[in-house]
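Student: Contents of my_file_26.tsv (TSV, C-alpha atoms):
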```tsv
chain	number	residue	atom	x	y	z
A	1	MET	CA	169.25	-222.20	-47.00
A	2	LEU	CA	171.15	-224.05	-49.75
A	3	PHE	CA	169.61	-222.75	-52.98
A	4	GLY	CA	169.45	-219.25	-54.37
A	5	SER	CA	167.71	-218.13	-57.56
A	6	SER	CA	170.23	-220.03	-59.71
A	7	GLY	CA	171.50	-223.06	-57.82
A	8	ILE	CA	173.97	-223.18	-54.94
A	9	ARG	CA	176.72	-220.55	-54.79
A	10	ARG	CA	179.15	-219.71	-52.00
A	11	PRO	CA	182.64	-218.36	-51.51
A	12	PHE	CA	184.94	-221.38	-51.80
A	13	GLY	CA	185.90	-223.08	-48.54
A	14	PRO	CA	185.50	-226.22	-46.42
A	15	GLU	CA	181.76	-225.71	-46.03
A	16	LEU	CA	181.21	-225.67	-49.80
A	17	ILE	CA	183.27	-228.85	-50.23
A	18	LYS	CA	181.16	-230.56	-47.56
A	19	THR	CA	177.98	-229.30	-49.24
A	20	ALA	CA	179.10	-230.70	-52.62
A	21	LEU	CA	179.76	-234.12	-51.06
A	22	GLU	CA	176.41	-234.24	-49.26
A	23	VAL	CA	174.36	-232.89	-52.17
A	24	GLY	CA	176.06	-235.45	-54.41
A	25	GLY	CA	174.93	-238.18	-52.06
A	26	CYS	CA	171.38	-236.86	-51.93
A	27	VAL	CA	171.01	-236.52	-55.72
A	28	GLY	CA	172.86	-239.77	-56.38
A	29	ALA	CA	170.48	-241.68	-54.13
A	30	SER	CA	167.57	-240.81	-56.44
A	31	CYS	CA	169.35	-241.27	-59.78
A	32	SER	CA	171.04	-244.12	-61.60
A	33	SER	CA	173.18	-241.89	-63.83
A	34	ILE	CA	174.38	-238.24	-63.60
A	35	ILE	CA	176.43	-236.15	-66.05
A	36	THR	CA	178.77	-233.55	-64.53
A	37	ALA	CA	181.10	-230.81	-65.74
A	38	ARG	CA	182.75	-227.68	-64.40
A	39	ASP	CA	183.65	-224.19	-65.49
A	40	ALA	CA	187.21	-222.87	-65.60
A	41	ARG	CA	187.64	-221.95	-61.91
A	42	THR	CA	190.63	-223.38	-60.07
A	43	THR	CA	188.32	-224.83	-57.42
A	44	GLY	CA	186.20	-226.73	-59.95
A	45	PRO	CA	188.09	-230.07	-59.97
A	46	LEU	CA	187.89	-230.45	-56.19
A	47	LEU	CA	184.18	-229.63	-56.00
A	48	GLU	CA	183.35	-231.90	-58.95
A	49	ALA	CA	185.30	-234.69	-57.23
A	50	ALA	CA	183.40	-234.10	-53.97
A	51	PHE	CA	180.02	-234.20	-55.70
A	52	THR	CA	181.06	-237.31	-57.65
A	53	ALA	CA	182.25	-239.05	-54.49
A	54	GLY	CA	178.92	-238.40	-52.79
A	55	ALA	CA	176.88	-239.58	-55.76
A	56	ALA	CA	179.01	-242.68	-56.38
A	57	ALA	CA	178.87	-243.58	-52.68
A	58	ALA	CA	175.08	-243.57	-53.03
A	59	GLY	CA	175.35	-246.10	-55.87
A	60	CYS	CA	174.96	-243.73	-58.82
A	61	ARG	CA	177.03	-243.83	-62.03
A	62	VAL	CA	178.71	-240.44	-62.63
A	63	VAL	CA	180.06	-239.35	-66.01
A	64	SER	CA	182.26	-236.24	-66.25
A	65	GLY	CA	182.44	-233.99	-69.29
A	66	GLY	CA	185.41	-232.05	-67.88
A	67	VAL	CA	185.52	-228.30	-68.50
A	68	ALA	CA	182.42	-227.32	-70.48
A	69	PRO	CA	179.69	-224.66	-70.53
A	70	THR	CA	176.56	-225.09	-68.43
A	71	PRO	CA	174.30	-225.46	-71.51
A	72	THR	CA	176.56	-228.25	-72.79
A	73	VAL	CA	175.95	-230.24	-69.60
A	74	ALA	CA	172.23	-229.46	-69.85
A	75	TYR	CA	172.12	-230.78	-73.41
A	76	ALA	CA	173.97	-233.96	-72.38
A	77	ALA	CA	171.61	-234.50	-69.43
A	78	ARG	CA	168.97	-235.91	-71.82
A	79	HIS	CA	170.94	-239.17	-71.74
A	80	HIS	CA	171.04	-239.28	-67.91
A	81	ASP	CA	168.73	-238.87	-64.95
A	82	ALA	CA	170.21	-235.50	-64.00
A	83	GLY	CA	173.06	-233.10	-64.65
A	84	CYS	CA	175.33	-231.22	-62.27
A	85	MET	CA	177.37	-228.20	-63.34
A	86	VAL	CA	180.06	-226.99	-60.94
A	87	THR	CA	179.96	-223.24	-61.45
A	88	ALA	CA	179.30	-219.86	-59.92
A	89	SER	CA	178.38	-218.50	-63.37
A	90	HIS	CA	179.18	-214.77	-63.53
A	91	ASN	CA	180.25	-214.43	-59.88
A	92	PRO	CA	183.89	-213.54	-59.10
A	93	GLU	CA	186.54	-216.29	-59.06
A	94	GLU	CA	186.46	-216.79	-55.29
A	95	TYR	CA	182.90	-218.16	-55.61
A	96	ASN	CA	181.83	-221.57	-56.82
A	97	GLY	CA	178.76	-223.75	-56.58
A	98	LEU	CA	176.45	-226.37	-58.06
A	99	LYS	CA	173.69	-226.08	-60.63
A	100	LEU	CA	171.45	-229.14	-60.84
A	101	MET	CA	169.48	-229.93	-63.99
A	102	ASN	CA	166.75	-232.24	-65.21
A	103	PRO	CA	167.05	-234.32	-68.41
A	104	ASP	CA	165.23	-231.59	-70.37
A	105	GLY	CA	167.89	-229.05	-69.36
A	106	SER	CA	165.72	-227.15	-66.89
A	107	ALA	CA	166.97	-226.42	-63.39
A	108	PHE	CA	165.64	-228.45	-60.49
A	109	SER	CA	162.22	-227.15	-59.46
A	110	LEU	CA	161.60	-225.50	-56.10
A	111	ALA	CA	159.95	-228.73	-54.91
A	112	ARG	CA	163.00	-230.81	-55.90
A	113	GLN	CA	165.31	-228.26	-54.28
A	114	GLN	CA	163.27	-228.48	-51.08
A	115	GLU	CA	163.62	-232.28	-51.04
A	116	ILE	CA	167.40	-231.81	-51.14
A	117	GLU	CA	167.23	-229.12	-48.44
A	118	ASP	CA	165.32	-231.55	-46.24
A	119	THR	CA	167.51	-234.63	-46.73
A	120	TYR	CA	170.98	-233.68	-47.95
A	121	ILE	CA	172.65	-234.04	-44.54
A	122	LEU	CA	171.42	-237.61	-44.13
A	123	PRO	CA	173.89	-240.38	-44.98
A	124	HIS	CA	173.37	-241.64	-48.53
A	125	THR	CA	175.77	-244.56	-48.90
A	126	THR	CA	175.55	-248.11	-50.18
A	127	GLY	CA	177.68	-251.13	-49.42
A	128	TRP	CA	181.28	-251.46	-50.57
A	129	ASN	CA	180.20	-253.69	-53.45
A	130	GLN	CA	177.44	-251.34	-54.68
A	131	GLN	CA	179.42	-248.17	-55.35
A	132	GLY	CA	178.58	-246.30	-58.53
A	133	GLU	CA	180.98	-246.25	-61.48
A	134	THR	CA	182.74	-243.07	-62.63
A	135	ASP	CA	183.60	-242.30	-66.23
A	136	HIS	CA	184.41	-239.54	-68.73
A	137	ALA	CA	182.70	-238.59	-71.99
A	138	ASP	CA	182.90	-236.06	-74.80
A	139	ILE	CA	179.85	-233.84	-74.36
A	140	ILE	CA	181.11	-230.90	-76.43
A	141	GLY	CA	181.13	-232.67	-79.81
A	142	PRO	CA	177.44	-233.73	-79.80
A	143	TYR	CA	176.44	-230.31	-78.44
A	144	LEU	CA	178.22	-228.47	-81.26
A	145	ASP	CA	176.67	-230.81	-83.82
A	146	ALA	CA	173.20	-230.04	-82.45
A	147	ILE	CA	173.68	-226.27	-82.74
A	148	LEU	CA	175.09	-226.52	-86.28
A	149	ASP	CA	172.18	-228.75	-87.30
A	150	ALA	CA	169.68	-226.22	-85.93
A	151	VAL	CA	171.27	-222.91	-87.01
A	152	SER	CA	172.61	-222.03	-90.45
A	153	LEU	CA	175.68	-219.92	-89.77
A	154	PRO	CA	176.56	-217.30	-92.40
A	155	GLU	CA	179.99	-218.08	-93.86
A	156	GLY	CA	182.31	-215.11	-94.12
A	157	LEU	CA	180.66	-213.02	-91.39
A	158	HIS	CA	183.20	-211.28	-89.13
A	159	VAL	CA	182.51	-210.80	-85.41
A	160	VAL	CA	184.39	-209.97	-82.23
A	161	LEU	CA	184.30	-212.73	-79.58
A	162	ASP	CA	185.01	-212.34	-75.85
A	163	CYS	CA	184.68	-215.58	-73.85
A	164	GLY	CA	185.84	-213.97	-70.60
A	165	ASN	CA	188.42	-216.77	-70.06
A	166	GLY	CA	185.52	-219.02	-69.17
A	167	ALA	CA	184.16	-222.36	-70.33
A	168	ALA	CA	182.82	-220.83	-73.58
A	169	SER	CA	186.46	-220.78	-74.73
A	170	ARG	CA	186.11	-224.52	-75.34
A	171	VAL	CA	182.99	-224.17	-77.48
A	172	THR	CA	182.19	-220.87	-79.20
A	173	PRO	CA	185.50	-220.44	-81.09
A	174	VAL	CA	185.08	-223.97	-82.49
A	175	LEU	CA	181.43	-223.29	-83.30
A	176	LEU	CA	182.34	-220.17	-85.29
A	177	ARG	CA	185.20	-221.84	-87.14
A	178	ARG	CA	183.05	-224.82	-88.10
A	179	GLY	CA	180.37	-222.43	-89.35
A	180	GLY	CA	182.82	-220.49	-91.50
A	181	ILE	CA	182.62	-217.32	-89.42
A	182	ARG	CA	185.74	-215.20	-88.95
A	183	TYR	CA	186.29	-213.76	-85.49
A	184	THR	CA	188.61	-211.44	-83.64
A	185	GLY	CA	189.00	-213.12	-80.28
A	186	ILE	CA	189.90	-211.80	-76.85
A	187	ASN	CA	189.94	-213.71	-73.54
A	188	CYS	CA	189.29	-216.94	-75.45
A	189	THR	CA	191.54	-219.24	-73.39
A	190	VAL	CA	190.39	-221.32	-70.42
A	191	GLN	CA	191.90	-219.89	-67.24
A	192	GLY	CA	191.06	-220.08	-63.58
A	193	PHE	CA	191.22	-216.31	-63.36
A	194	PHE	CA	189.22	-213.82	-65.42
A	195	ALA	CA	190.92	-210.98	-67.29
A	196	ARG	CA	187.72	-208.96	-66.85
A	197	PRO	CA	184.81	-209.27	-64.41
A	198	SER	CA	182.81	-212.27	-65.58
A	199	GLU	CA	179.40	-210.62	-65.62
A	200	PRO	CA	178.85	-209.33	-69.18
A	201	LEU	CA	177.88	-205.77	-68.24
A	202	ARG	CA	178.60	-202.73	-70.41
A	203	GLU	CA	180.97	-201.27	-67.80
A	204	ASN	CA	183.07	-204.45	-67.83
A	205	LEU	CA	183.59	-204.28	-71.61
A	206	PRO	CA	184.92	-200.77	-72.43
A	207	TYR	CA	187.34	-202.08	-75.08
A	208	ILE	CA	184.74	-203.83	-77.25
A	209	PRO	CA	183.32	-200.83	-79.22
A	210	ALA	CA	186.76	-199.93	-80.60
A	211	MET	CA	187.43	-203.58	-81.51
A	212	VAL	CA	184.14	-203.82	-83.43
A	213	LYS	CA	184.86	-200.61	-85.34
A	214	GLN	CA	188.50	-201.44	-86.04
A	215	ALA	CA	187.61	-204.91	-87.35
A	216	GLY	CA	184.60	-203.68	-89.32
A	217	ALA	CA	182.73	-206.47	-87.56
A	218	ALA	CA	179.03	-207.25	-87.70
A	219	GLY	CA	178.91	-207.17	-83.90
A	220	ALA	CA	180.44	-208.70	-80.78
A	221	LEU	CA	179.57	-211.88	-78.88
A	222	ILE	CA	180.09	-211.82	-75.10
A	223	HIS	CA	179.99	-214.71	-72.61
A	224	ASP	CA	180.20	-215.05	-68.84
A	225	GLY	CA	182.16	-217.68	-66.91
A	226	ASP	CA	179.99	-220.72	-67.69
A	227	ALA	CA	178.39	-219.45	-70.92
A	228	ASP	CA	174.80	-219.67	-69.76
A	229	ARG	CA	174.70	-215.93	-70.42
A	230	PHE	CA	175.19	-214.12	-73.70
A	231	MET	CA	175.28	-210.41	-74.43
A	232	ALA	CA	176.14	-208.56	-77.61
A	233	PHE	CA	177.26	-205.35	-79.31
A	234	ASP	CA	175.75	-204.26	-82.63
A	235	ASN	CA	177.50	-203.45	-85.91
A	236	LYS	CA	178.16	-199.86	-84.78
A	237	GLY	CA	179.83	-200.98	-81.56
A	238	ASN	CA	176.85	-200.19	-79.34
A	239	TYR	CA	176.14	-202.40	-76.34
A	240	ILE	CA	172.71	-204.00	-76.75
A	241	SER	CA	170.71	-204.00	-73.54
A	242	GLY	CA	169.27	-207.27	-72.31
A	243	ASP	CA	165.75	-205.94	-72.84
A	244	HIS	CA	166.48	-205.22	-76.51
A	245	LEU	CA	168.20	-208.58	-76.99
A	246	LEU	CA	165.01	-210.13	-75.63
A	247	MET	CA	163.05	-208.28	-78.34
A	248	LEU	CA	165.58	-209.21	-81.05
A	249	PHE	CA	165.45	-212.93	-80.26
A	250	ALA	CA	161.66	-212.84	-79.95
A	251	GLU	CA	161.33	-211.34	-83.42
A	252	TRP	CA	164.06	-213.48	-85.03
A	253	THR	CA	162.55	-216.73	-83.74
A	254	GLY	CA	159.01	-215.64	-84.59
A	255	ALA	CA	157.93	-216.10	-80.99
A	256	THR	CA	154.33	-215.10	-80.32
A	257	THR	CA	154.49	-215.86	-76.59
A	258	VAL	CA	157.57	-214.85	-74.62
A	259	VAL	CA	158.24	-215.85	-71.01
A	260	THR	CA	160.32	-213.32	-69.12
A	261	THR	CA	160.87	-211.98	-65.63
A	262	VAL	CA	159.25	-209.20	-63.62
A	263	ASP	CA	162.33	-206.98	-64.03
A	264	ALA	CA	162.21	-206.98	-67.86
A	265	SER	CA	161.13	-203.86	-69.74
A	266	MET	CA	157.47	-203.14	-70.33
A	267	GLY	CA	158.55	-202.52	-73.94
A	268	ILE	CA	158.62	-206.27	-74.67
A	269	GLU	CA	154.83	-206.26	-74.38
A	270	GLU	CA	154.73	-204.12	-77.52
A	271	VAL	CA	156.56	-206.87	-79.43
A	272	ALA	CA	154.95	-210.11	-78.21
A	273	THR	CA	152.49	-211.62	-75.78
A	274	VAL	CA	154.32	-211.86	-72.45
A	275	ARG	CA	154.09	-214.13	-69.42
A	276	ARG	CA	156.07	-212.96	-66.37
A	277	THR	CA	157.86	-214.97	-63.69
A	278	PRO	CA	159.99	-214.15	-60.65
A	279	VAL	CA	163.63	-213.32	-61.40
A	280	GLY	CA	165.73	-216.42	-62.10
A	281	ASP	CA	166.16	-218.59	-65.20
A	282	SER	CA	164.77	-221.63	-63.35
A	283	PHE	CA	161.38	-219.88	-63.10
A	284	VAL	CA	161.46	-219.04	-66.81
A	285	SER	CA	162.30	-222.66	-67.71
A	286	GLU	CA	159.54	-224.00	-65.50
A	287	ALA	CA	156.99	-221.65	-67.10
A	288	LEU	CA	158.10	-222.62	-70.62
A	289	VAL	CA	157.15	-226.23	-69.90
A	290	SER	CA	153.51	-225.16	-69.87
A	291	GLY	CA	153.80	-223.01	-73.00
A	292	GLY	CA	155.87	-220.38	-74.73
A	293	ASP	CA	158.04	-220.09	-77.82
A	294	PHE	CA	161.05	-218.37	-76.26
A	295	GLY	CA	162.11	-217.19	-72.83
A	296	GLY	CA	164.78	-215.13	-71.18
A	297	GLU	CA	165.72	-212.47	-68.74
A	298	PRO	CA	167.56	-209.18	-69.36
A	299	SER	CA	170.61	-210.33	-67.40
A	300	GLY	CA	171.57	-212.35	-70.49
A	301	SER	CA	169.86	-215.73	-70.06
A	302	TRP	CA	168.16	-216.88	-73.28
A	303	ILE	CA	166.15	-220.11	-73.44
A	304	PHE	CA	165.09	-221.74	-76.70
A	305	PRO	CA	162.75	-224.58	-75.64
A	306	ALA	CA	162.94	-226.46	-78.95
A	307	HIS	CA	166.67	-226.91	-78.21
A	308	SER	CA	166.85	-227.05	-74.40
A	309	LEU	CA	165.28	-225.55	-71.30
A	310	CYS	CA	168.66	-224.30	-70.09
A	311	PRO	CA	169.88	-220.76	-70.87
A	312	ASP	CA	172.27	-221.30	-73.76
A	313	GLY	CA	174.96	-218.71	-74.55
A	314	PRO	CA	176.64	-220.45	-77.53
A	315	TYR	CA	173.26	-221.24	-79.14
A	316	ALA	CA	172.26	-217.59	-78.68
A	317	ALA	CA	175.60	-216.52	-80.19
A	318	ALA	CA	174.91	-218.66	-83.26
A	319	LEU	CA	171.45	-217.15	-83.68
A	320	PHE	CA	172.87	-213.64	-83.28
A	321	CYS	CA	175.36	-214.33	-86.08
A	322	ALA	CA	172.55	-215.50	-88.37
A	323	MET	CA	170.59	-212.40	-87.42
A	324	ALA	CA	173.55	-210.06	-88.01
A	325	ALA	CA	173.99	-211.40	-91.54
A	326	GLU	CA	170.36	-210.59	-92.44
A	327	TRP	CA	169.59	-207.44	-90.44
A	328	ASP	CA	171.23	-204.12	-89.71
A	329	VAL	CA	171.08	-204.89	-85.99
A	330	ALA	CA	171.74	-201.29	-84.88
A	331	GLU	CA	168.85	-200.12	-87.05
A	332	LYS	CA	166.58	-202.88	-85.77
A	333	VAL	CA	167.31	-202.03	-82.12
A	334	ALA	CA	166.62	-198.35	-82.81
A	335	SER	CA	163.12	-199.32	-83.99
A	336	TYR	CA	162.18	-200.92	-80.65
A	337	PRO	CA	160.67	-199.10	-77.65
A	338	HIS	CA	163.33	-197.30	-75.61
A	339	TYR	CA	162.06	-196.68	-72.10
A	340	PRO	CA	164.70	-195.60	-69.57
A	341	ILE	CA	165.60	-198.41	-67.18
A	342	ILE	CA	167.71	-197.98	-64.06
A	343	ARG	CA	169.37	-201.00	-62.45
A	344	ARG	CA	171.22	-200.51	-59.17
A	345	SER	CA	172.75	-202.88	-56.62
A	346	PHE	CA	173.48	-202.27	-52.96
A	347	ARG	CA	175.63	-204.56	-50.88
A	348	ARG	CA	173.53	-205.70	-47.94
A	349	GLU	CA	174.46	-208.74	-45.88
A	350	ASP	CA	170.96	-208.58	-44.38
A	351	GLY	CA	169.22	-208.32	-47.77
A	352	ARG	CA	166.88	-211.27	-47.36
A	353	GLY	CA	165.79	-210.26	-43.88
A	354	LEU	CA	165.31	-206.67	-44.98
A	355	LEU	CA	163.01	-207.65	-47.85
A	356	LEU	CA	160.95	-209.85	-45.51
A	357	ALA	CA	160.69	-206.93	-43.08
A	358	LEU	CA	159.48	-204.71	-45.92
A	359	GLY	CA	156.64	-207.14	-46.60
A	360	ALA	CA	157.95	-209.40	-49.38
A	361	GLU	CA	156.54	-212.93	-49.31
A	362	ASN	CA	159.81	-214.15	-50.84
A	363	PRO	CA	162.91	-211.91	-50.63
A	364	THR	CA	164.29	-212.97	-54.03
A	365	ASP	CA	160.90	-212.37	-55.70
A	366	GLY	CA	160.90	-208.98	-54.03
A	367	ILE	CA	158.41	-206.14	-53.99
A	368	ARG	CA	157.10	-204.41	-57.10
A	369	ILE	CA	155.68	-200.89	-56.98
A	370	GLU	CA	153.61	-199.93	-60.03
A	371	GLU	CA	152.35	-196.55	-61.17
A	372	GLU	CA	150.69	-195.43	-64.39
A	373	ASP	CA	153.91	-194.52	-66.24
A	374	GLY	CA	156.51	-196.62	-64.46
A	375	TRP	CA	157.41	-199.31	-61.95
A	376	CYS	CA	160.10	-200.32	-59.48
A	377	LEU	CA	161.21	-203.76	-58.28
A	378	ILE	CA	163.19	-204.22	-55.05
A	379	ARG	CA	164.58	-207.70	-54.44
A	380	ALA	CA	167.34	-209.55	-52.64
A	381	SER	CA	169.85	-211.21	-54.94
A	382	GLY	CA	169.61	-214.97	-54.98
A	383	THR	CA	173.35	-215.36	-55.63
A	384	GLU	CA	175.14	-212.50	-53.82
A	385	PRO	CA	174.74	-210.46	-50.59
A	386	LYS	CA	173.07	-207.60	-52.46
A	387	VAL	CA	169.74	-205.88	-52.82
A	388	ARG	CA	168.86	-204.95	-56.39
A	389	ILE	CA	166.61	-202.13	-57.53
A	390	THR	CA	165.20	-202.02	-61.05
A	391	ALA	CA	163.06	-199.09	-62.18
A	392	GLU	CA	161.54	-198.11	-65.53
A	393	GLY	CA	159.55	-195.13	-66.72
A	394	ARG	CA	158.21	-193.77	-69.97
A	395	ASP	CA	160.75	-190.98	-69.55
A	396	ALA	CA	164.01	-190.56	-67.63
A	397	GLU	CA	162.41	-188.40	-64.94
A	398	THR	CA	159.80	-191.05	-64.14
A	399	ALA	CA	162.41	-193.84	-64.09
A	400	GLU	CA	164.56	-191.88	-61.63
A	401	LYS	CA	161.51	-191.09	-59.50
A	402	MET	CA	160.62	-194.79	-59.30
A	403	ALA	CA	164.23	-195.78	-58.50
A	404	GLN	CA	164.30	-193.17	-55.75
A	405	LYS	CA	161.11	-194.61	-54.28
A	406	GLY	CA	162.85	-197.96	-54.05
A	407	GLU	CA	165.95	-196.49	-52.41
A	408	ASP	CA	163.84	-194.49	-49.95
A	409	LEU	CA	161.98	-197.65	-49.00
A	410	LEU	CA	165.26	-199.47	-48.38
A	411	ARG	CA	166.53	-196.69	-46.14
A	412	SER	CA	163.31	-196.42	-44.17
A	413	GLY	CA	162.91	-200.15	-43.60
A	414	GLU	CA	159.18	-199.56	-43.29
A	415	PRO	CA	156.94	-202.31	-44.64
A	416	ILE	CA	154.59	-201.65	-47.58
A	417	HIS	CA	150.93	-201.89	-46.64
```
Will you turn the file into structure tokens for me?
Tutor:
Amino acid sequence: MLFGSSGIRRPFGPELIKTALEVGGCVGASCSSIITARDARTTGPLLEAAFTAGAAAAGCRVVSGGVAPTPTVAYAARHHDAGCMVTASHNPEEYNGLKLMNPDGSAFSLARQQEIEDTYILPHTTGWNQQGETDHADIIGPYLDAILDAVSLPEGLHVVLDCGNGAASRVTPVLLRRGGIRYTGINCTVQGFFARPSEPLRENLPYIPAMVKQAGAAGALIHDGDADRFMAFDNKGNYISGDHLLMLFAEWTGATTVVTTVDASMGIEEVATVRRTPVGDSFVSEALVSGGDFGGEPSGSWIFPAHSLCPDGPYAAALFCAMAAEWDVAEKVASYPHYPIIRRSFRREDGRGLLLALGAENPTDGIRIEEEDGWCLIRASGTEPKVRITAEGRDAETAEKMAQKGEDLLRSGEPIH
């Protein structure tokens, strides 16, 4: 199986290089022009070259944007038949992969992914005199212009910025400077190694609260490796959960219909009309095509369909700055529903098989157990060898009870009837 819930991701090695070459050939055979880019990982240039070689051998023109965030490639894809981002997003440095995008910025659909699964190992080459051209282009400049045209940044605001040594280092600092925003930066240089774990979780960012308080900042902006994710701290140095960021963006944008995933808090339903999808930003994007003002998932993926159907960390950072200049964000978050949510991960190499044995139709969609005052979702990760449990209750005792039900089910291995 090539694709997970967010593209293709693997530990780097010969098999991944071969996959990049063959997938490039498969996608290139159906496109006349593809835009590519890569995140900051040391393995990015080789994988981008392999994908490019495959696509060009199939007769497709390939244009590289160099090191850039995933949403930057997605925005540039509107001028091409497809986009390919070489990234493993928030995974550790030893991973890498491919994320394939349509011209509207959305990820390839399940049907398109299946076409690639079915044909990618076939030879996709043209004659020696029909090879596709390769080129380079500035994709960051037009992307920054688009954000600054869409969002009025508040001059003089002061924030803390942590790009995690990822591709956001090439975009968000420039975005803030051009918008007149002062920032205290950390990990804002492009490196192949991350000074902190790339996933923007609270436990990976213990130094941020003190930085916010010391700087007297209006909040903190946090990116992962390829900047498709964005998380934040409020003006008091408190980490804002993904569920509350979902509510903040929904209110700030005036969204009446929000598309989010089955693992998001039931509290969002007290703020907007909600449509739910399986976990994975590609499902959210696909659902937004048929309607919705804003979409996202609590892992930090925020999609603004008027801009792009790709999760966009720098765009979200710009909106958060505008929000922080108008609202007391800490006070606003305190006004939202606060239902205890427990999120746990267990390393299981057999995660997919285990979920199928438990009765899941699709292991990455998982199994959801619902009761009157709480729920639990058990699912196999689409990007790592893990099983994830998410549980929520109207009080801490109920949330823990639901999480325990999920863990007990994992241990028993007995299917749900």
Student: Find the distance between CA of Leu98 in chain A and CA of Ala20 in chain A and write it in Å to one decimal.
Tutor: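 So the answer is 7.4 Å.
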Student: If we count only C-alpha atoms and set the cut-off at 10 Å, which residues sit around range 386-391 of chain A, ignoring sequence neighbours fewer than 2 positions away in its own chain? Please answer as a count of residues only.
Tutor: 49
Student: For Thr172 in chain A, which of A:Tyr75, A:Tyr339, A:Tyr143, A:Trp302 is the closest residue, counting all atoms listed in the file?
Tutor: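 Between A:Tyr75, A:Tyr339, A:Tyr143, A:Trp302, the residue approaching Thr172 in chain A most closely is A:Tyr143.
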Student: For a test of reading the model, state the distance in Å between CA of Cys188 in chain A and CA of Val62 in chain A, rounded to one decimal.
Tutor: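 Rounded to one decimal, the two atoms are 28.8 Å apart.
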Student: Measuring atom to atom with all atoms listed in the file, identify which of A:Leu2, A:Leu248, A:Ala167, A:Leu16 is nearest to Asn96 in chain A.
Tutor: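 Under the stated criterion, the closest residue is A:Leu16.
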Student: So how many Å separate CA of Ile34 in chain A and CA of Gly141 in chain A, to one decimal?
Tutor: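 Going from CA of Ile34 in chain A over to CA of Gly141 in chain A covers 18.4 Å.
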Student: So which one's closest to Tyr239 in chain A, A:Gly254, A:Asp226, A:Val151, A:Val329? Using only C-alpha atoms, please.
Tutor: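 Closest residue, counting only C-alpha atoms: A:Val329.
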Student: When you count all atoms listed in the file, which of these residues is closest to Phe193 in chain A: A:Gly225, A:Pro14, A:Gly97, A:Gly359?
Tutor: A:Gly225
